[in-house]
$ cat my_file17.tsv   # TSV, C-alpha atoms
chain	number	residue	atom	x	y	z
V	1	MET	CA	-170.57	-31.60	32.44
V	2	THR	CA	-173.24	-33.90	31.08
V	3	GLU	CA	-175.73	-34.87	33.74
V	4	ARG	CA	-177.16	-38.37	33.60
V	5	ARG	CA	-180.81	-38.70	34.51
V	6	ILE	CA	-182.76	-41.79	35.54
V	7	ILE	CA	-186.35	-42.19	34.38
V	8	GLY	CA	-188.75	-44.27	36.41
V	9	GLY	CA	-186.82	-44.96	39.59
V	10	ASP	CA	-183.29	-45.61	40.79
V	11	HIS	CA	-182.48	-48.42	38.37
V	12	ARG	CA	-182.48	-48.47	34.59
V	13	ILE	CA	-181.77	-50.94	31.84
V	14	THR	CA	-178.40	-50.14	30.26
V	15	ALA	CA	-177.16	-50.70	26.73
V	16	ASP	CA	-174.79	-53.39	28.00
V	17	GLN	CA	-177.70	-55.21	29.64
V	18	HIS	CA	-179.72	-55.12	26.43
V	19	LEU	CA	-176.70	-56.45	24.56
V	20	LEU	CA	-176.01	-59.35	26.95
V	21	ASP	CA	-179.57	-60.28	27.97
V	22	VAL	CA	-180.26	-63.80	26.65
V	23	ALA	CA	-183.98	-63.39	27.32
V	24	HIS	CA	-184.35	-61.32	24.13
V	25	GLU	CA	-182.72	-63.68	21.66
V	26	GLU	CA	-185.26	-63.15	18.86
V	27	GLU	CA	-185.16	-59.38	19.22
V	28	TRP	CA	-181.38	-59.58	19.09
V	29	LYS	CA	-181.44	-61.51	15.82
V	30	GLN	CA	-183.74	-58.95	14.26
V	31	ARG	CA	-181.71	-55.93	15.35
V	32	ALA	CA	-178.15	-57.30	15.40
V	33	ALA	CA	-176.90	-55.22	12.48
V	34	TRP	CA	-178.27	-52.05	14.01
V	35	ARG	CA	-176.56	-52.77	17.34
V	36	VAL	CA	-173.24	-53.33	15.58
V	37	MET	CA	-173.62	-49.88	14.03
V	38	LYS	CA	-174.07	-48.47	17.53
V	39	PHE	CA	-170.78	-50.07	18.58
V	40	GLN	CA	-169.10	-48.60	15.54
V	41	ALA	CA	-170.50	-45.13	16.21
V	42	GLU	CA	-169.28	-45.19	19.80
V	43	PHE	CA	-165.79	-46.22	18.70
V	44	VAL	CA	-165.66	-43.48	16.05
V	45	GLU	CA	-166.88	-40.79	18.45
V	46	GLY	CA	-164.46	-41.94	21.13
V	47	PHE	CA	-161.44	-42.01	18.84
V	48	ASP	CA	-162.31	-38.61	17.36
V	49	ALA	CA	-162.72	-37.01	20.77
V	50	MET	CA	-159.54	-38.49	22.21
V	51	GLU	CA	-157.46	-37.56	19.17
V	52	GLU	CA	-158.81	-34.02	19.29
V	53	ALA	CA	-157.95	-33.81	23.00
V	54	ASP	CA	-154.25	-34.26	22.12
V	55	LEU	CA	-153.37	-35.68	25.54
V	56	GLY	CA	-149.73	-36.43	24.93
V	57	ASP	CA	-148.43	-38.98	27.42
V	58	ALA	CA	-151.30	-40.02	29.67
V	59	ILE	CA	-151.61	-42.38	32.63
V	60	GLY	CA	-154.78	-44.31	33.34
V	61	VAL	CA	-155.69	-44.31	37.02
V	62	TYR	CA	-158.07	-46.95	38.37
V	63	GLY	CA	-159.71	-47.01	41.79
V	64	SER	CA	-162.91	-47.33	43.75
V	65	ALA	CA	-165.89	-45.01	43.32
V	66	ARG	CA	-166.63	-45.73	47.00
V	67	THR	CA	-163.51	-44.09	48.41
V	68	PRO	CA	-164.72	-41.43	50.90
V	69	VAL	CA	-163.71	-37.84	50.19
V	70	ASP	CA	-162.47	-37.37	53.76
V	71	SER	CA	-160.26	-40.49	53.74
V	72	GLU	CA	-156.49	-40.86	53.52
V	73	GLU	CA	-157.01	-42.93	50.36
V	74	TYR	CA	-158.71	-39.99	48.69
V	75	LYS	CA	-155.87	-37.66	49.72
V	76	ARG	CA	-153.34	-40.09	48.24
V	77	GLY	CA	-155.36	-40.20	45.03
V	78	VAL	CA	-155.23	-36.41	44.79
V	79	GLU	CA	-151.50	-36.47	45.45
V	80	LEU	CA	-150.97	-39.17	42.83
V	81	GLY	CA	-152.88	-37.20	40.19
V	82	ARG	CA	-150.94	-34.05	41.06
V	83	LYS	CA	-147.55	-35.80	40.93
V	84	LEU	CA	-148.39	-37.40	37.59
V	85	GLY	CA	-149.39	-33.98	36.28
V	86	GLU	CA	-146.21	-32.36	37.58
V	87	ALA	CA	-144.26	-35.08	35.75
V	88	GLY	CA	-145.95	-34.04	32.51
V	89	PHE	CA	-148.63	-36.73	32.22
V	90	SER	CA	-152.28	-36.19	31.49
V	91	VAL	CA	-154.57	-38.28	33.70
V	92	ILE	CA	-157.39	-40.56	32.52
V	93	THR	CA	-159.93	-42.06	34.94
V	94	GLY	CA	-163.41	-43.52	34.75
V	95	GLY	CA	-164.67	-40.05	35.61
V	96	GLY	CA	-166.69	-41.12	38.63
V	97	PRO	CA	-166.49	-40.21	42.32
V	98	GLY	CA	-164.11	-41.57	44.96
V	99	ALA	CA	-160.59	-42.49	43.87
V	100	MET	CA	-161.33	-41.46	40.29
V	101	GLU	CA	-162.39	-37.99	41.41
V	102	ALA	CA	-159.29	-37.74	43.57
V	103	ALA	CA	-156.92	-38.45	40.66
V	104	ASN	CA	-158.80	-36.06	38.38
V	105	ARG	CA	-158.65	-33.41	41.11
V	106	GLY	CA	-154.89	-33.78	41.47
V	107	ALA	CA	-154.42	-33.54	37.72
V	108	ALA	CA	-156.57	-30.41	37.57
V	109	GLU	CA	-154.53	-28.84	40.39
V	110	ALA	CA	-151.35	-29.60	38.44
V	111	GLY	CA	-152.78	-27.87	35.38
V	112	VAL	CA	-152.74	-30.87	33.05
V	113	LYS	CA	-155.55	-32.44	31.07
V	114	SER	CA	-157.95	-34.37	33.28
V	115	VAL	CA	-160.03	-36.92	31.39
V	116	GLY	CA	-163.11	-38.84	32.52
V	117	LEU	CA	-164.31	-41.85	30.53
V	118	GLY	CA	-167.79	-42.27	31.96
V	119	ILE	CA	-169.99	-45.34	31.60
V	120	GLU	CA	-173.74	-45.83	31.62
V	121	LEU	CA	-174.73	-47.71	34.79
V	122	PRO	CA	-178.08	-48.90	36.20
V	123	PHE	CA	-177.73	-46.32	38.99
V	124	GLU	CA	-176.82	-42.64	39.00
V	125	GLN	CA	-173.11	-41.85	39.21
V	126	GLY	CA	-172.22	-38.88	37.03
V	127	ILE	CA	-168.93	-37.29	36.03
V	128	ASN	CA	-166.93	-35.58	38.75
V	129	GLU	CA	-166.37	-31.83	38.65
V	130	PHE	CA	-162.60	-32.06	38.13
V	131	VAL	CA	-162.86	-33.57	34.64
V	132	HIS	CA	-161.89	-31.26	31.78
V	133	ILE	CA	-162.54	-33.71	28.95
V	134	GLU	CA	-165.60	-35.92	29.33
V	135	LEU	CA	-166.67	-38.88	27.24
V	136	ASP	CA	-169.73	-40.95	28.06
V	137	PHE	CA	-169.92	-44.57	26.88
V	138	LYS	CA	-172.75	-47.05	26.78
V	139	TYR	CA	-170.57	-50.13	26.34
V	140	PHE	CA	-167.83	-51.21	28.74
V	141	PHE	CA	-165.74	-52.84	26.01
V	142	VAL	CA	-165.57	-49.62	23.98
V	143	ARG	CA	-164.55	-47.66	27.07
V	144	LYS	CA	-161.82	-50.20	27.85
V	145	VAL	CA	-160.34	-49.77	24.38
V	146	MET	CA	-160.12	-46.00	24.95
V	147	PHE	CA	-158.26	-46.54	28.23
V	148	LEU	CA	-155.80	-48.92	26.62
V	149	LYS	CA	-155.34	-46.93	23.42
V	150	TYR	CA	-154.61	-43.58	25.04
V	151	SER	CA	-152.75	-44.54	28.24
V	152	CYS	CA	-149.02	-45.24	28.30
V	153	GLY	CA	-149.16	-46.71	31.80
V	154	PHE	CA	-151.57	-47.52	34.64
V	155	CYS	CA	-151.75	-46.83	38.35
V	156	ALA	CA	-154.29	-48.70	40.46
V	157	LEU	CA	-155.48	-47.24	43.73
V	158	PRO	CA	-157.46	-49.52	46.06
V	159	GLY	CA	-160.64	-50.60	44.31
V	160	GLY	CA	-163.26	-53.28	43.81
V	161	PHE	CA	-164.41	-55.53	40.98
V	162	GLY	CA	-164.27	-52.78	38.36
V	163	THR	CA	-160.69	-51.94	39.26
V	164	MET	CA	-159.76	-55.63	39.15
V	165	ASP	CA	-161.44	-56.04	35.78
V	166	GLU	CA	-159.56	-53.12	34.23
V	167	LEU	CA	-156.29	-54.03	35.93
V	168	PHE	CA	-156.24	-57.64	34.79
V	169	GLU	CA	-157.27	-56.77	31.26
V	170	ALA	CA	-154.28	-54.43	31.00
V	171	LEU	CA	-152.06	-57.05	32.65
V	172	THR	CA	-153.21	-59.79	30.27
V	173	LEU	CA	-152.57	-57.64	27.19
V	174	GLU	CA	-149.10	-56.86	28.51
V	175	GLN	CA	-148.39	-60.52	29.34
V	176	THR	CA	-149.49	-61.77	25.91
V	177	GLY	CA	-147.66	-59.07	23.98
V	178	LYS	CA	-150.86	-57.64	22.51
V	179	VAL	CA	-149.71	-54.14	23.42
V	180	GLY	CA	-146.37	-52.41	23.61
V	181	LYS	CA	-144.74	-52.49	27.01
V	182	PHE	CA	-146.38	-50.24	29.56
V	183	PRO	CA	-145.89	-50.02	33.33
V	184	ILE	CA	-148.48	-51.00	35.93
V	185	ALA	CA	-148.17	-49.74	39.51
V	186	LEU	CA	-150.38	-50.85	42.39
V	187	ILE	CA	-150.59	-48.13	45.03
V	188	GLY	CA	-150.84	-49.45	48.59
V	189	THR	CA	-148.86	-52.45	49.84
V	190	ASP	CA	-151.37	-53.29	52.58
V	191	TYR	CA	-154.20	-53.44	50.06
V	192	TRP	CA	-152.46	-55.10	47.11
V	193	GLY	CA	-149.81	-57.17	48.88
V	194	GLY	CA	-152.11	-60.13	49.53
V	195	LEU	CA	-153.11	-60.29	45.88
V	196	VAL	CA	-149.50	-60.38	44.69
V	197	ASP	CA	-148.67	-63.01	47.34
V	198	TRP	CA	-151.52	-65.14	45.98
V	199	LEU	CA	-150.23	-64.72	42.42
V	200	ARG	CA	-146.85	-66.04	43.56
V	201	ASP	CA	-148.04	-68.70	46.02
V	202	SER	CA	-150.87	-70.10	43.91
V	203	MET	CA	-150.70	-69.10	40.24
V	204	LEU	CA	-146.92	-69.17	39.93
V	205	ALA	CA	-146.43	-72.13	42.27
V	206	GLN	CA	-148.84	-74.21	40.18
V	207	GLY	CA	-147.29	-73.17	36.88
V	208	LYS	CA	-150.24	-71.10	35.66
V	209	ILE	CA	-148.01	-68.07	35.04
V	210	ASN	CA	-144.28	-67.39	34.77
V	211	ALA	CA	-142.15	-65.54	37.31
V	212	LYS	CA	-141.70	-62.65	34.88
V	213	ASP	CA	-145.47	-62.24	34.75
V	214	VAL	CA	-145.59	-61.33	38.44
V	215	ASP	CA	-142.81	-58.82	37.82
V	216	LEU	CA	-145.12	-56.89	35.50
V	217	LEU	CA	-146.70	-55.44	38.66
V	218	MET	CA	-145.02	-52.88	40.88
V	219	VAL	CA	-146.49	-52.62	44.38
V	220	THR	CA	-145.54	-49.51	46.32
V	221	ASP	CA	-146.57	-46.98	48.94
V	222	ASP	CA	-144.20	-44.41	47.49
V	223	LEU	CA	-146.00	-42.20	44.97
V	224	ASP	CA	-142.73	-40.78	43.68
V	225	GLU	CA	-141.56	-44.32	42.96
V	226	ALA	CA	-144.79	-45.04	41.06
V	227	VAL	CA	-144.41	-41.88	38.96
V	228	GLU	CA	-140.76	-42.70	38.28
V	229	HIS	CA	-141.87	-46.16	37.15
V	230	MET	CA	-144.17	-44.50	34.61
V	231	GLN	CA	-141.38	-42.18	33.45
V	232	LYS	CA	-138.80	-44.94	33.05
V	233	ALA	CA	-141.08	-46.94	30.79
V	234	GLU	CA	-141.90	-43.86	28.75
V	235	ARG	CA	-138.20	-43.03	28.28
V	236	HIS	CA	-137.60	-46.63	27.21
V	237	ARG	CA	-140.20	-46.25	24.43
V	238	GLN	CA	-138.66	-43.07	23.05

$ encode --input "my_file17.tsv" --output "structure tokens"
Amino acid sequence: MTERRIIGGDHRITADQHLLDVAHEEEWKQRAAWRVMKFQAEFVEGFDAMEEADLGDAIGVYGSARTPVDSEEYKRGVELGRKLGEAGFSVITGGGPGAMEAANRGAAEAGVKSVGLGIELPFEQGINEFVHIELDFKYFFVRKVMFLKYSCGFCALPGGFGTMDELFEALTLEQTGKVGKFPIALIGTDYWGGLVDWLRDSMLAQGKINAKDVDLLMVTDDLDEAVEHMQKAERHRQ
């Protein structure tokens, strides 16, 4: 496992922050070409590593880094990762603690490939110990491409802004036909039910989306149902 270290305190300037910081406009102009080469290098390294890993069918699992290890949510994450593994799927997470660690742990227990796509953050996080294949990214957008390229479906455990960001990116690509059809399952009706109600009662009611767009999301408490949803979509593609 690659350990991330922080120099000079508990906060650091990340590559994403350098990229998006408008306060350094002149520096950006002078070094733009070099930064683009960094993007390119990260894409090439990521693609090479993921192709070499030979994951087969893999499911991306999203969820909060703040999920306590002794919680029921964590236990369900472990069970989800294990059930996905027993169904023949590799598991890809963001590689961090909490729900991500839980899914990686379940995958490792099932004996399948457990992948962590880490990201550079201003604070220490690190890759969890249950990751077999680790990739560390500086740029969120490169990491997102790896998730979408190498996952054939997504399961979202309860999470925060990061989970929402990844979830809605996948959902938008599915809605707009930018990717082939893949299933999305939200695990936990109490947690996700209000969001789906809002999609229906606000977005759909005001004509911002179509009824079939809401149907792109499965919401369930039944992990077997979620895994079966992943399997049905995979059989449909074959």

$ closest_residue --input "my_file17.tsv" --among "V:Arg35, V:Arg66, V:Lys83, V:Lys208" --to "Glu228 in chain V" --atoms "all atoms listed in the file"
V:Lys83

$ atom_distance --input "my_file17.tsv" --atom1 "CA of Asn128 in chain V" --atom2 "CA of Pro97 in chain V"
5.9 Å

$ closest_atom_pairs --input "my_file17.tsv" --of "range 33-126 of chain V" --to "range 142-148 of chain V" --cutoff "7 Å" --atoms "only C-alpha atoms" --output "JSON lines"
{"residue": "V:Phe43", "atom": "CA", "partner": "V:Val142", "partner_atom": "CA", "distance": 6.3}
{"residue": "V:Gly60", "atom": "CA", "partner": "V:Phe147", "partner_atom": "CA", "distance": 6.6}
{"residue": "V:Leu117", "atom": "CA", "partner": "V:Arg143", "partner_atom": "CA", "distance": 6.8}

$ closest_residue --input "my_file17.tsv" --among "V:Met203, V:Leu84, V:Cys155, V:Ala33" --to "Ala99 in chain V" --atoms "all atoms listed in the file"
V:Cys155

$ atom_distance --input "my_file17.tsv" --atom1 "CA of Phe39 in chain V" --atom2 "CA of Thr172 in chain V"
23.2 Å

$ closest_residue --input "my_file17.tsv" --among "V:Lys138, V:Val91, V:Ser151, V:Leu80" --to "Asp222 in chain V" --atoms "all atoms listed in the file"
V:Leu80

$ residues_near_point --input "my_file17.tsv" --point "(-153.5, -35.8, 37.3)" --cutoff "8 Å" --atoms "only C-alpha atoms" --output "list in words"
Val78, Leu80, Gly81, Arg82, Lys83, Leu84, Gly85, Phe89, Ser90, Val91, Ile92, Ala103, Asn104, Arg105, Gly106, Ala107, Ala108, Glu109, Ala110, Val112, Lys113 and Ser114 of chain V

$ residues_around --input "my_file17.tsv" --residues "range 174-185 of chain V" --least-positions-apart "4" --cutoff "12 Å" --atoms "only C-alpha atoms" --output "CSV table (one decimal) with C-alpha atoms, in the coordinates of the input"
chain,number,residue,atom,x,y,z
V,57,ASP,CA,-148.4,-39.0,27.4
V,58,ALA,CA,-151.3,-40.0,29.7
V,59,ILE,CA,-151.6,-42.4,32.6
V,60,GLY,CA,-154.8,-44.3,33.3
V,61,VAL,CA,-155.7,-44.3,37.0
V,62,TYR,CA,-158.1,-47.0,38.4
V,80,LEU,CA,-151.0,-39.2,42.8
V,145,VAL,CA,-160.3,-49.8,24.4
V,148,LEU,CA,-155.8,-48.9,26.6
V,149,LYS,CA,-155.3,-46.9,23.4
V,150,TYR,CA,-154.6,-43.6,25.0
V,151,SER,CA,-152.8,-44.5,28.2
V,152,CYS,CA,-149.0,-45.2,28.3
V,153,GLY,CA,-149.2,-46.7,31.8
V,154,PHE,CA,-151.6,-47.5,34.6
V,155,CYS,CA,-151.8,-46.8,38.4
V,156,ALA,CA,-154.3,-48.7,40.5
V,157,LEU,CA,-155.5,-47.2,43.7
V,158,PRO,CA,-157.5,-49.5,46.1
V,166,GLU,CA,-159.6,-53.1,34.2
V,167,LEU,CA,-156.3,-54.0,35.9
V,168,PHE,CA,-156.2,-57.6,34.8
V,169,GLU,CA,-157.3,-56.8,31.3
V,170,ALA,CA,-154.3,-54.4,31.0
V,189,THR,CA,-148.9,-52.4,49.8
V,192,TRP,CA,-152.5,-55.1,47.1
V,196,VAL,CA,-149.5,-60.4,44.7
V,209,ILE,CA,-148.0,-68.1,35.0
V,210,ASN,CA,-144.3,-67.4,34.8
V,211,ALA,CA,-142.2,-65.5,37.3
V,212,LYS,CA,-141.7,-62.6,34.9
V,213,ASP,CA,-145.5,-62.2,34.8
V,214,VAL,CA,-145.6,-61.3,38.4
V,215,ASP,CA,-142.8,-58.8,37.8
V,216,LEU,CA,-145.1,-56.9,35.5
V,217,LEU,CA,-146.7,-55.4,38.7
V,218,MET,CA,-145.0,-52.9,40.9
V,219,VAL,CA,-146.5,-52.6,44.4
V,220,THR,CA,-145.5,-49.5,46.3
V,221,ASP,CA,-146.6,-47.0,48.9
V,222,ASP,CA,-144.2,-44.4,47.5
V,223,LEU,CA,-146.0,-42.2,45.0
V,224,ASP,CA,-142.7,-40.8,43.7
V,225,GLU,CA,-141.6,-44.3,43.0
V,226,ALA,CA,-144.8,-45.0,41.1
V,227,VAL,CA,-144.4,-41.9,39.0
V,228,GLU,CA,-140.8,-42.7,38.3
V,229,HIS,CA,-141.9,-46.2,37.2
V,230,MET,CA,-144.2,-44.5,34.6
V,231,GLN,CA,-141.4,-42.2,33.4
V,232,LYS,CA,-138.8,-44.9,33.0
V,233,ALA,CA,-141.1,-46.9,30.8
V,234,GLU,CA,-141.9,-43.9,28.8
V,235,ARG,CA,-138.2,-43.0,28.3
V,236,HIS,CA,-137.6,-46.6,27.2
V,237,ARG,CA,-140.2,-46.2,24.4
V,238,GLN,CA,-138.7,-43.1,23.0

$ residues_around --input "my_file17.tsv" --residues "Ala49 in chain V" --least-positions-apart "2" --cutoff "12 Å" --atoms "all atoms listed in the file" --output "PDB file with C-alpha atoms, in the coordinates of the input"
ATOM      1  CA  GLU V  42    -169.280 -45.190  19.800  1.00  0.00           C
ATOM      2  CA  PHE V  43    -165.790 -46.220  18.700  1.00  0.00           C
ATOM      3  CA  VAL V  44    -165.660 -43.480  16.050  1.00  0.00           C
ATOM      4  CA  GLU V  45    -166.880 -40.790  18.450  1.00  0.00           C
ATOM      5  CA  GLY V  46    -164.460 -41.940  21.130  1.00  0.00           C
ATOM      6  CA  PHE V  47    -161.440 -42.010  18.840  1.00  0.00           C
ATOM      7  CA  GLU V  51    -157.460 -37.560  19.170  1.00  0.00           C
ATOM      8  CA  GLU V  52    -158.810 -34.020  19.290  1.00  0.00           C
ATOM      9  CA  ALA V  53    -157.950 -33.810  23.000  1.00  0.00           C
ATOM     10  CA  ASP V  54    -154.250 -34.260  22.120  1.00  0.00           C
ATOM     11  CA  LEU V  55    -153.370 -35.680  25.540  1.00  0.00           C
ATOM     12  CA  VAL V 115    -160.030 -36.920  31.390  1.00  0.00           C
ATOM     13  CA  GLY V 116    -163.110 -38.840  32.520  1.00  0.00           C
ATOM     14  CA  LEU V 117    -164.310 -41.850  30.530  1.00  0.00           C
ATOM     15  CA  ILE V 133    -162.540 -33.710  28.950  1.00  0.00           C
ATOM     16  CA  GLU V 134    -165.600 -35.920  29.330  1.00  0.00           C
ATOM     17  CA  LEU V 135    -166.670 -38.880  27.240  1.00  0.00           C
ATOM     18  CA  ASP V 136    -169.730 -40.950  28.060  1.00  0.00           C
ATOM     19  CA  MET V 146    -160.120 -46.000  24.950  1.00  0.00           C
ATOM     20  CA  TYR V 150    -154.610 -43.580  25.040  1.00  0.00           C
TER      21      TYR V 150
END

$ atom_distance --input "my_file17.tsv" --atom1 "CA of Gly88 in chain V" --atom2 "CA of Tyr74 in chain V"
21.4 Å
